[in-house]
Every structure is written in C-alpha cells, then in structure tokens.
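**Q** Sharing start_28.pdb here; it has PDB, C-alpha atoms.
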```pdb
ATOM      1  CA  ASP A 891      -1.329 -16.143  32.219
ATOM      2  CA  ALA A 892       0.906 -16.319  35.247
ATOM      3  CA  GLY A 893       3.209 -13.352  35.576
ATOM      4  CA  VAL A 894       6.793 -13.405  36.783
ATOM      5  CA  ILE A 895       7.010 -15.408  39.977
ATOM      6  CA  GLN A 896       9.531 -14.641  42.706
ATOM      7  CA  SER A 897      10.251 -16.410  45.946
ATOM      8  CA  PRO A 898      10.467 -15.800  48.777
ATOM      9  CA  ARG A 899       8.470 -12.568  49.031
ATOM     10  CA  HIS A 900      10.226 -11.658  52.258
ATOM     11  CA  GLU A 901      13.538 -12.836  53.630
ATOM     12  CA  VAL A 902      15.114 -11.921  56.933
ATOM     13  CA  THR A 903      18.574 -13.252  57.611
ATOM     14  CA  GLU A 904      21.633 -12.538  59.674
ATOM     15  CA  MET A 905      24.846 -11.072  58.423
ATOM     16  CA  GLY A 906      27.146 -13.707  56.988
ATOM     17  CA  GLN A 907      24.397 -16.079  55.922
ATOM     18  CA  GLU A 908      23.831 -17.221  52.361
ATOM     19  CA  VAL A 909      20.688 -15.916  50.660
ATOM     20  CA  THR A 910      19.130 -17.344  47.496
ATOM     21  CA  LEU A 911      16.403 -15.521  45.624
ATOM     22  CA  ARG A 912      14.416 -17.318  42.957
ATOM     23  CA  CYS A 913      12.624 -16.263  39.813
ATOM     24  CA  LYS A 914      10.388 -17.953  37.269
ATOM     25  CA  PRO A 915       9.957 -15.785  34.148
ATOM     26  CA  ILE A 916       6.856 -15.626  31.994
ATOM     27  CA  SER A 917       6.683 -18.667  29.741
ATOM     28  CA  GLY A 918       8.074 -17.918  26.284
ATOM     29  CA  HIS A 919      10.116 -14.909  27.341
ATOM     30  CA  ASN A 920      13.766 -15.125  26.343
ATOM     31  CA  SER A 921      15.302 -12.355  28.451
ATOM     32  CA  LEU A 922      15.531 -12.177  32.229
ATOM     33  CA  PHE A 923      16.693  -9.302  34.400
ATOM     34  CA  TRP A 924      17.567  -8.831  38.064
ATOM     35  CA  TYR A 925      17.161  -5.366  39.617
ATOM     36  CA  ARG A 926      17.711  -4.002  43.102
ATOM     37  CA  GLN A 927      15.751  -1.125  44.640
ATOM     38  CA  THR A 928      16.982   0.924  47.580
ATOM     39  CA  MET A 929      16.056   4.348  48.874
ATOM     40  CA  MET A 930      19.558   5.651  48.317
ATOM     41  CA  ARG A 931      20.276   4.286  44.846
ATOM     42  CA  GLY A 932      16.822   3.741  43.377
ATOM     43  CA  LEU A 933      16.338   0.936  40.838
ATOM     44  CA  GLU A 934      19.538  -0.579  39.528
ATOM     45  CA  LEU A 935      20.117  -3.311  36.973
ATOM     46  CA  LEU A 936      22.278  -6.055  38.445
ATOM     47  CA  ILE A 937      22.506  -8.607  35.631
ATOM     48  CA  TYR A 938      20.557  -9.842  32.660
ATOM     49  CA  PHE A 939      20.339 -12.978  30.565
ATOM     50  CA  ASN A 940      19.355 -13.522  26.947
ATOM     51  CA  ASN A 941      18.418 -17.102  26.060
ATOM     52  CA  ASN A 942      19.798 -18.252  29.431
ATOM     53  CA  VAL A 943      23.218 -16.708  28.757
ATOM     54  CA  PRO A 944      24.486 -13.916  31.038
ATOM     55  CA  ILE A 945      25.047 -10.849  28.882
ATOM     56  CA  ASP A 946      25.951  -8.047  31.264
ATOM     57  CA  ASP A 947      26.789  -8.452  34.932
ATOM     58  CA  SER A 948      28.494  -5.093  35.343
ATOM     59  CA  GLY A 949      25.807  -4.051  37.818
ATOM     60  CA  MET A 950      26.584  -6.854  40.252
ATOM     61  CA  PRO A 951      28.010  -4.978  43.228
ATOM     62  CA  GLU A 952      30.589  -7.465  44.430
ATOM     63  CA  ASP A 953      31.857 -11.013  44.104
ATOM     64  CA  ARG A 954      29.494 -11.907  46.911
ATOM     65  CA  PHE A 955      26.699 -11.717  44.341
ATOM     66  CA  SER A 956      26.167 -14.420  41.725
ATOM     67  CA  ALA A 957      23.317 -15.291  39.373
ATOM     68  CA  LYS A 958      22.486 -18.333  37.319
ATOM     69  CA  MET A 959      19.893 -19.308  34.778
ATOM     70  CA  PRO A 960      20.128 -23.092  34.300
ATOM     71  CA  ASN A 961      17.090 -23.207  32.019
ATOM     72  CA  ALA A 962      14.514 -20.943  30.384
ATOM     73  CA  SER A 963      12.111 -21.166  33.306
ATOM     74  CA  PHE A 964      14.290 -20.570  36.344
ATOM     75  CA  SER A 965      16.910 -18.182  37.660
ATOM     76  CA  THR A 966      18.581 -17.600  41.007
ATOM     77  CA  LEU A 967      20.386 -14.668  42.577
ATOM     78  CA  LYS A 968      22.678 -15.653  45.413
ATOM     79  CA  ILE A 969      24.397 -13.499  48.001
ATOM     80  CA  GLN A 970      27.152 -15.134  50.015
ATOM     81  CA  PRO A 971      27.978 -13.895  52.580
ATOM     82  CA  SER A 972      25.185 -11.387  53.076
ATOM     83  CA  GLU A 973      25.763  -7.976  54.681
ATOM     84  CA  PRO A 974      23.341  -5.399  56.141
ATOM     85  CA  ARG A 975      23.930  -3.082  53.157
ATOM     86  CA  ASP A 976      22.427  -5.761  50.912
ATOM     87  CA  SER A 977      19.020  -5.035  52.447
ATOM     88  CA  ALA A 978      16.766  -3.990  49.565
ATOM     89  CA  VAL A 979      13.925  -5.108  47.355
ATOM     90  CA  TYR A 980      15.131  -7.387  44.578
ATOM     91  CA  PHE A 981      13.060  -7.570  41.407
ATOM     92  CA  CYS A 982      13.144 -10.086  38.623
ATOM     93  CA  ALA A 983      11.726  -9.104  35.215
ATOM     94  CA  SER A 984      11.333 -10.908  31.922
ATOM     95  CA  SER A 985      10.699  -9.847  28.344
ATOM     96  CA  LEU A 986      10.231 -11.223  24.873
ATOM     97  CA  ARG A 987      10.709  -7.957  22.993
ATOM     98  CA  ALA A 988      10.676  -4.368  24.177
ATOM     99  CA  THR A 989       8.615  -4.444  27.350
ATOM    100  CA  GLN A 990       9.837  -5.903  30.626
ATOM    101  CA  TYR A 991       7.340  -7.395  33.041
ATOM    102  CA  PHE A 992       8.240  -7.399  36.690
ATOM    103  CA  GLY A 993       7.695  -9.882  39.465
ATOM    104  CA  PRO A 994       6.387  -8.791  42.877
ATOM    105  CA  GLY A 995       9.877  -8.486  44.318
ATOM    106  CA  THR A 996      11.647 -10.005  47.305
ATOM    107  CA  ARG A 997      12.190  -7.761  50.312
ATOM    108  CA  LEU A 998      15.512  -8.786  51.842
ATOM    109  CA  THR A 999      16.507  -7.684  55.312
ATOM    110  CA  VAL A1000      19.980  -8.544  56.554
ATOM    111  CA  LEU A1001      20.411  -8.016  60.294
TER     112      LEU A1001
ATOM    113  CA  ALA B 496      26.161   5.958  29.717
ATOM    114  CA  GLN B 497      22.497   6.772  29.538
ATOM    115  CA  THR B 498      20.894   8.762  32.339
ATOM    116  CA  VAL B 499      17.264   9.446  33.173
ATOM    117  CA  THR B 500      16.243  12.454  35.262
ATOM    118  CA  GLN B 501      12.951  13.048  37.003
ATOM    119  CA  SER B 502      13.133  16.510  38.517
ATOM    120  CA  GLN B 503       9.908  16.320  40.545
ATOM    121  CA  PRO B 504      10.329  14.188  43.673
ATOM    122  CA  GLU B 505       6.662  14.711  44.544
ATOM    123  CA  MET B 506       3.545  16.010  42.826
ATOM    124  CA  SER B 507       0.042  16.564  44.159
ATOM    125  CA  VAL B 508      -3.180  16.844  42.168
ATOM    126  CA  GLN B 509      -6.876  17.087  42.954
ATOM    127  CA  GLU B 510      -9.012  14.116  42.021
ATOM    128  CA  ALA B 511     -10.438  14.473  38.476
ATOM    129  CA  GLU B 512      -7.773  17.037  37.529
ATOM    130  CA  THR B 513      -4.888  16.604  35.082
ATOM    131  CA  VAL B 514      -1.249  16.271  36.087
ATOM    132  CA  THR B 515       1.970  16.063  34.092
ATOM    133  CA  LEU B 516       5.098  14.279  35.289
ATOM    134  CA  SER B 517       8.423  15.289  33.751
ATOM    135  CA  CYS B 518      11.290  13.146  32.530
ATOM    136  CA  THR B 519      14.435  13.949  30.597
ATOM    137  CA  TYR B 520      17.123  11.579  29.449
ATOM    138  CA  ASP B 521      20.555  11.655  27.959
ATOM    139  CA  THR B 522      21.684   9.304  25.205
ATOM    140  CA  SER B 523      23.743   9.244  22.046
ATOM    141  CA  GLU B 524      21.593   6.503  20.549
ATOM    142  CA  SER B 525      18.993   7.184  17.871
ATOM    143  CA  ASP B 526      16.853   4.105  18.448
ATOM    144  CA  TYR B 527      15.516   3.298  21.899
ATOM    145  CA  TYR B 528      12.407   2.759  23.997
ATOM    146  CA  LEU B 529      10.982   4.873  26.778
ATOM    147  CA  PHE B 530       8.597   3.680  29.459
ATOM    148  CA  TRP B 531       6.589   4.891  32.403
ATOM    149  CA  TYR B 532       6.112   2.402  35.213
ATOM    150  CA  LYS B 533       3.839   2.819  38.224
ATOM    151  CA  GLN B 534       4.739   1.441  41.661
ATOM    152  CA  PRO B 535       1.895   1.550  44.200
ATOM    153  CA  PRO B 536       2.467   0.795  47.897
ATOM    154  CA  SER B 537       2.246  -2.922  47.084
ATOM    155  CA  ARG B 538       5.646  -2.291  45.359
ATOM    156  CA  GLN B 539       4.563  -4.125  42.200
ATOM    157  CA  MET B 540       6.064  -2.469  39.095
ATOM    158  CA  ILE B 541       3.256  -1.924  36.594
ATOM    159  CA  LEU B 542       3.789  -0.775  33.009
ATOM    160  CA  VAL B 543       1.802   2.369  32.267
ATOM    161  CA  ILE B 544       2.886   3.279  28.760
ATOM    162  CA  ARG B 545       5.634   2.696  26.205
ATOM    163  CA  GLN B 546       7.063   4.880  23.418
ATOM    164  CA  GLU B 547       9.345   3.814  20.576
ATOM    165  CA  ALA B 548      11.805   6.555  19.653
ATOM    166  CA  TYR B 549      11.308   6.026  15.914
ATOM    167  CA  LYS B 550       7.595   6.804  16.211
ATOM    168  CA  GLN B 551       6.690  10.470  15.981
ATOM    169  CA  GLN B 552       3.181   9.897  17.273
ATOM    170  CA  ASN B 553       2.825  10.191  21.028
ATOM    171  CA  ALA B 554       1.633   7.027  22.773
ATOM    172  CA  THR B 555      -1.701   7.018  24.609
ATOM    173  CA  GLU B 556      -3.337   4.479  26.909
ATOM    174  CA  ASN B 557      -6.794   5.540  28.061
ATOM    175  CA  ARG B 558      -6.249   8.411  30.553
ATOM    176  CA  PHE B 559      -2.464   8.264  30.161
ATOM    177  CA  SER B 560      -0.574   9.977  27.366
ATOM    178  CA  VAL B 561       2.967  11.109  26.740
ATOM    179  CA  ASN B 562       4.600  14.144  25.206
ATOM    180  CA  PHE B 563       7.711  12.790  23.503
ATOM    181  CA  GLN B 564      10.151  15.433  22.308
ATOM    182  CA  LYS B 565      13.068  13.527  20.787
ATOM    183  CA  ALA B 566      15.257  16.518  19.991
ATOM    184  CA  ALA B 567      14.843  17.854  23.500
ATOM    185  CA  LYS B 568      15.202  14.338  24.995
ATOM    186  CA  SER B 569      12.033  14.875  26.971
ATOM    187  CA  PHE B 570       9.332  12.336  27.798
ATOM    188  CA  SER B 571       6.546  13.602  30.040
ATOM    189  CA  LEU B 572       3.506  11.672  31.243
ATOM    190  CA  LYS B 573       0.076  13.274  31.380
ATOM    191  CA  ILE B 574      -2.612  11.725  33.540
ATOM    192  CA  SER B 575      -6.102  13.008  32.812
ATOM    193  CA  ASP B 576      -9.090  12.740  35.143
ATOM    194  CA  SER B 577      -6.860  11.684  38.051
ATOM    195  CA  GLN B 578      -8.261   8.940  40.260
ATOM    196  CA  LEU B 579      -7.406   7.895  43.800
ATOM    197  CA  GLY B 580      -5.983   4.660  42.404
ATOM    198  CA  ASP B 581      -3.387   6.626  40.463
ATOM    199  CA  ALA B 582      -1.552   7.463  43.681
ATOM    200  CA  ALA B 583       1.870   5.804  43.431
ATOM    201  CA  MET B 584       5.520   6.289  42.580
ATOM    202  CA  TYR B 585       6.020   6.808  38.861
ATOM    203  CA  PHE B 586       9.287   5.854  37.226
ATOM    204  CA  CYS B 587      10.523   6.911  33.826
ATOM    205  CA  ALA B 588      12.779   4.322  32.172
ATOM    206  CA  TYR B 589      14.956   4.024  29.077
ATOM    207  CA  ARG B 590      16.089   1.014  27.089
ATOM    208  CA  THR B 591      18.378   0.836  24.093
ATOM    209  CA  LEU B 592      17.921  -1.445  21.135
ATOM    210  CA  ASN B 593      20.533  -4.154  21.269
ATOM    211  CA  SER B 594      22.432  -4.453  17.991
ATOM    212  CA  GLY B 595      22.380  -8.213  18.383
ATOM    213  CA  GLY B 596      18.617  -8.221  18.590
ATOM    214  CA  GLY B 597      18.510  -9.084  22.251
ATOM    215  CA  ALA B 598      17.117  -7.082  25.104
ATOM    216  CA  ASP B 599      19.020  -4.595  27.235
ATOM    217  CA  GLY B 600      18.289  -3.614  30.805
ATOM    218  CA  LEU B 601      16.312  -0.562  31.821
ATOM    219  CA  THR B 602      17.815   2.645  33.175
ATOM    220  CA  PHE B 603      15.411   4.257  35.636
ATOM    221  CA  GLY B 604      14.890   7.749  36.951
ATOM    222  CA  LYS B 605      14.604   8.335  40.691
ATOM    223  CA  GLY B 606      10.821   8.487  40.553
ATOM    224  CA  THR B 607       8.023  10.955  41.261
ATOM    225  CA  HIS B 608       5.651  10.379  44.145
ATOM    226  CA  LEU B 609       2.150  11.273  42.968
ATOM    227  CA  ILE B 610      -0.430  12.221  45.590
ATOM    228  CA  ILE B 611      -4.105  12.412  44.693
ATOM    229  CA  GLN B 612      -6.137  14.804  46.849
ATOM    230  CA  PRO B 613      -9.791  13.728  47.220
TER     231      PRO B 613
END
```
Can you present the structure in this file as structure tokens?
**A**
Amino acid sequence: DAGVIQSPRHEVTEMGQEVTLRCKPISGHNSLFWYRQTMMRGLELLIYFNNNVPIDDSGMPEDRFSAKMPNASFSTLKIQPSEPRDSAVYFCASSLRATQYFGPGTRLTVL
Amino acid sequence: AQTVTQSQPEMSVQEAETVTLSCTYDTSESDYYLFWYKQPPSRQMILVIRQEAYKQQNATENRFSVNFQKAAKSFSLKISDSQLGDAAMYFCAYRTLNSGGGADGLTFGKGTHLIIQP
C-alpha cells in the first residue's frame, strides 16, 4: 500500500512568491490534516478536512495561507505571498479512524 | 484547550538498556486517544504506539510499552532492549473523539530527543 504522498519534498523560493504544496492521502481514508513543524513552535495543526470538507482552519496562521481538497485523493496548501517566517517542514496526514499516518513532509525555505 | 507536555528535552541510554520517556497532558475530556510518534533524522513521522483512554490495559508493541495513568493524566513510553535504530525524536500526541464521529487533529508535545549510546 502506498502511504501518504507529498510533493515537492523540498521547495526553495523567494519572498513574495506563491507556493503550492500537494498531498495525496491513503486511499480510503476520509480525513486529511495539514501540520507545520518549526524549531520554535514544534508541530502545529493548520487545518483538517473530513470527507473533503474543511472542519477547522483555526490553525492557519494568516490569510496568506489557504487549503483545498477538491476530491478524496488530493489536497493543496497554498501560501501567497510567501515570507521567510513561513520556512518550515509541512506535513500532510490522513486517517480513517483513530490513527493518523503522515507523509514524508515538504521542507519549505523562503529566502 | 488541550496541552501536552514532555519535560525531557533529551534522554540518553546505553544500547540494550531500558529507557522511559515522560508525557503529561491536560484535558477535560473523558474519551480520547494518546499516541507516541517517532521522528528519525529522515523526518518521517512513524507511529510507535496508541492508547485509547477507555482501555485500562496498557498498550504494548514488541519492545515498546506505555504506562497510562488516566487520573494523573500521564502517558509514559518505555523502550526495552534499546537499539541504535531507536535513536530519534519522540513525540507524545493527544486526540479527542469528535462528537460527530469524525477525526480531530493531533496536539503534540515538544518532543524528546533520544540518544542511544553504543
């Protein structure tokens, strides 16, 4: 079974540019989560979806961040415009019941 | 809001010895899940073990076991016969049961860096 797939694995961009991170959850899972990991703040939940519907986006830091889940097999997290403080590792996770399974993460560097 | 506290930023253990990582949490809920995840240098988040709050029996997975003390809101991880491959960051995490039957996000502790001495 393929796990959660994220792309790209690494992204380097310049301040002000748009960044799109992508996630394919495990087939059959009905919940999808986006997390951010930084040294200062640790692992934080940004947003999650149940059955493709956004349930809680209270963790999204600013209006510059947006997430979509157009279907059960794809989600995007977009940052526009990006800023250096957005540099972090972004994880996508999916679950069917209790346990969340994580993708490999995208390391984002904003110069 | 729920909080998860890992009071040990770093722990060191000799190979083949036993080590216990501490975790406490704060919640007003009665039903929830607790997890330990491992993050090696590859940064992949790997599930180590899961505990349902309604179960009194402590979860075990091979060399990994937990000591779940619900009244004390404590959830420690014991690693027996430590191996070099156990070296990683270990995160304690909490998840509530959603009343609508859906999933909620995880609340993580800050992590414990486990070093295995050969």
**Q** Could you give me, as a ChimeraX atom specification, the residues within 12 Å of Ser963 of chain A, counting all atoms listed in the file and dropping anything in the same chain fewer than 4 positions from it?
**A** /A:894-896,912-922,939,941-942,958-959,984
**Q** Within 9 Å of chain B, which residues of chain A show up when using only C-alpha atoms, listed as a ChimeraX atom specification?
**A** /A:920-924,931-941,945-946,979,981,985-995
**Q** For the structure provided, state which residues fall under the PyMOL selection byres ((chain B and resi 572) around 12), and present them as an MDAnalysis selection string.
**A** chainID B and resid 501 513:519 529:533 543:546 553:556 558:564 569:571 573:575 585:588 607 609
**Q** Distance atom CA of Pro974 of chain A-atom CA of Glu904 of chain A, one decimal place?
**A**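 Atom CA of Glu904 of chain A lies at a distance of 8.1 Å from atom CA of Pro974 of chain A.
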**Q** Could you jot down the atom CA of Val902 of chain A to atom CA of Ser965 of chain A separation for me, Å, one decimal place?
**A** 20.3 Å
**Q** Would you list the contacts of Pro898 of chain A as a list in words, taking every protein, DNA or RNA residue within 7 Å and counting all atoms listed in the file, but skipping same-chain residues closer than 3 positions in sequence?
**A** Glu901, Leu911 and Thr996 of chain A
**Q** Just to confirm, what's the straight-line distance from atom CA of Lys568 of chain B to atom CA of Asp947 of chain A in Å (one decimal)?
**A** 27.4 Å
**Q** Counting all atoms listed in the file, figure out which residue out of B:Lys565, B:Val499, B:Gln578, B:Val508 gets nearest to Ser525 of chain B.
**A**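 Distance minimum relative to Ser525 of chain B lands on B:Lys565.
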**Q** Can you list, as a PyMOL selection string, every protein, DNA or RNA residue that comes within 6 Å of Glu908 of chain A when you count all atoms listed in the file, leaving out same-chain residues fewer than 3 positions away?
**A** chain A and resi 969-971
**Q** Restricting the calculation to all atoms listed in the file: of B:Asn557, B:Thr498, B:Ser577, B:Gln612, which residue gets closest to Ala511 of chain B?
**A**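 Distance minimum relative to Ala511 of chain B lands on B:Ser577.
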**Q** Please enclose the listed atoms of segment 944-950 of chain A in an axis-aligned box, pad each side by 4 Å, and write out the centre and the three edge lengths in Å, rounded to one decimal, as AutoDock Vina command-line options.
**A**
```
--center_x 26.5 --center_y -9.0 --center_z 34.6 --size_x 12.0 --size_y 17.9 --size_z 19.4
```
**Q** If you apply the PyMOL selection byres ((chain A and resi 905) around 7) to this file, what residues do you get, as an MDAnalysis selection string?
**A** chainID A and resid 903:904 906:907 972:974 1000:1001
**Q** May I have the residues within 7 Å of Lys968 of chain A as a list in words, using only C-alpha atoms and disregarding those fewer than 3 positions away in the same chain?
**A**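 The contact residues come out as Val909, Thr910, Leu911, Phe955, Ser956 and Ala957 of chain A.
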**Q** Taking all atoms listed in the file into account, name the residue in B:Met584, B:His608, B:Tyr549, B:Leu579 that is nearest to Gln509 of chain B.
**A** B:Leu579
**Q** Missing atoms in segment 542-554 of chain B: fill them in up to N, CA, C and O atoms and send the result as a PDB file, in the coordinates of the input.
**A**
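And here's out.pdb as it stands now:
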```pdb
ATOM      1  N   LEU B 542       3.574  -1.582  34.209  1.00  0.00           N
ATOM      2  CA  LEU B 542       3.789  -0.775  33.009  1.00  0.00           C
ATOM      3  C   LEU B 542       2.589   0.133  32.778  1.00  0.00           C
ATOM      4  O   LEU B 542       1.445  -0.326  32.776  1.00  0.00           O
ATOM      5  N   VAL B 543       2.862   1.405  32.567  1.00  0.00           N
ATOM      6  CA  VAL B 543       1.802   2.369  32.267  1.00  0.00           C
ATOM      7  C   VAL B 543       1.723   2.625  30.769  1.00  0.00           C
ATOM      8  O   VAL B 543       0.653   2.542  30.169  1.00  0.00           O
ATOM      9  N   ILE B 544       2.886   2.898  30.158  1.00  0.00           N
ATOM     10  CA  ILE B 544       2.886   3.279  28.760  1.00  0.00           C
ATOM     11  C   ILE B 544       4.283   3.127  28.180  1.00  0.00           C
ATOM     12  O   ILE B 544       5.275   3.201  28.926  1.00  0.00           O
ATOM     13  N   ARG B 545       4.364   2.914  26.887  1.00  0.00           N
ATOM     14  CA  ARG B 545       5.634   2.696  26.205  1.00  0.00           C
ATOM     15  C   ARG B 545       5.678   3.568  24.947  1.00  0.00           C
ATOM     16  O   ARG B 545       4.656   3.756  24.283  1.00  0.00           O
ATOM     17  N   GLN B 546       6.876   4.072  24.638  1.00  0.00           N
ATOM     18  CA  GLN B 546       7.063   4.880  23.418  1.00  0.00           C
ATOM     19  C   GLN B 546       8.312   4.398  22.684  1.00  0.00           C
ATOM     20  O   GLN B 546       9.377   4.272  23.301  1.00  0.00           O
ATOM     21  N   GLU B 547       8.188   4.134  21.398  1.00  0.00           N
ATOM     22  CA  GLU B 547       9.345   3.814  20.576  1.00  0.00           C
ATOM     23  C   GLU B 547       9.902   5.114  20.014  1.00  0.00           C
ATOM     24  O   GLU B 547       9.131   5.937  19.500  1.00  0.00           O
ATOM     25  N   ALA B 548      11.200   5.291  20.064  1.00  0.00           N
ATOM     26  CA  ALA B 548      11.805   6.555  19.653  1.00  0.00           C
ATOM     27  C   ALA B 548      11.610   6.848  18.172  1.00  0.00           C
ATOM     28  O   ALA B 548      11.577   8.011  17.759  1.00  0.00           O
ATOM     29  N   TYR B 549      11.447   5.800  17.347  1.00  0.00           N
ATOM     30  CA  TYR B 549      11.308   6.026  15.914  1.00  0.00           C
ATOM     31  C   TYR B 549       9.902   6.477  15.537  1.00  0.00           C
ATOM     32  O   TYR B 549       9.653   6.909  14.422  1.00  0.00           O
ATOM     33  N   LYS B 550       8.974   6.382  16.475  1.00  0.00           N
ATOM     34  CA  LYS B 550       7.595   6.804  16.211  1.00  0.00           C
ATOM     35  C   LYS B 550       7.415   8.272  16.604  1.00  0.00           C
ATOM     36  O   LYS B 550       7.715   8.655  17.735  1.00  0.00           O
ATOM     37  N   GLN B 551       6.931   9.061  15.685  1.00  0.00           N
ATOM     38  CA  GLN B 551       6.690  10.470  15.981  1.00  0.00           C
ATOM     39  C   GLN B 551       5.409  10.665  16.780  1.00  0.00           C
ATOM     40  O   GLN B 551       5.283  11.617  17.538  1.00  0.00           O
ATOM     41  N   GLN B 552       4.456   9.755  16.588  1.00  0.00           N
ATOM     42  CA  GLN B 552       3.181   9.897  17.273  1.00  0.00           C
ATOM     43  C   GLN B 552       3.338   9.568  18.746  1.00  0.00           C
ATOM     44  O   GLN B 552       3.932   8.542  19.114  1.00  0.00           O
ATOM     45  N   ASN B 553       2.774  10.420  19.598  1.00  0.00           N
ATOM     46  CA  ASN B 553       2.825  10.191  21.028  1.00  0.00           C
ATOM     47  C   ASN B 553       1.911   9.032  21.426  1.00  0.00           C
ATOM     48  O   ASN B 553       0.773   8.940  20.958  1.00  0.00           O
ATOM     49  N   ALA B 554       2.414   8.166  22.310  1.00  0.00           N
ATOM     50  CA  ALA B 554       1.633   7.027  22.773  1.00  0.00           C
ATOM     51  C   ALA B 554       0.523   7.478  23.720  1.00  0.00           C
ATOM     52  O   ALA B 554       0.679   8.449  24.475  1.00  0.00           O
TER      53      ALA B 554
END
```
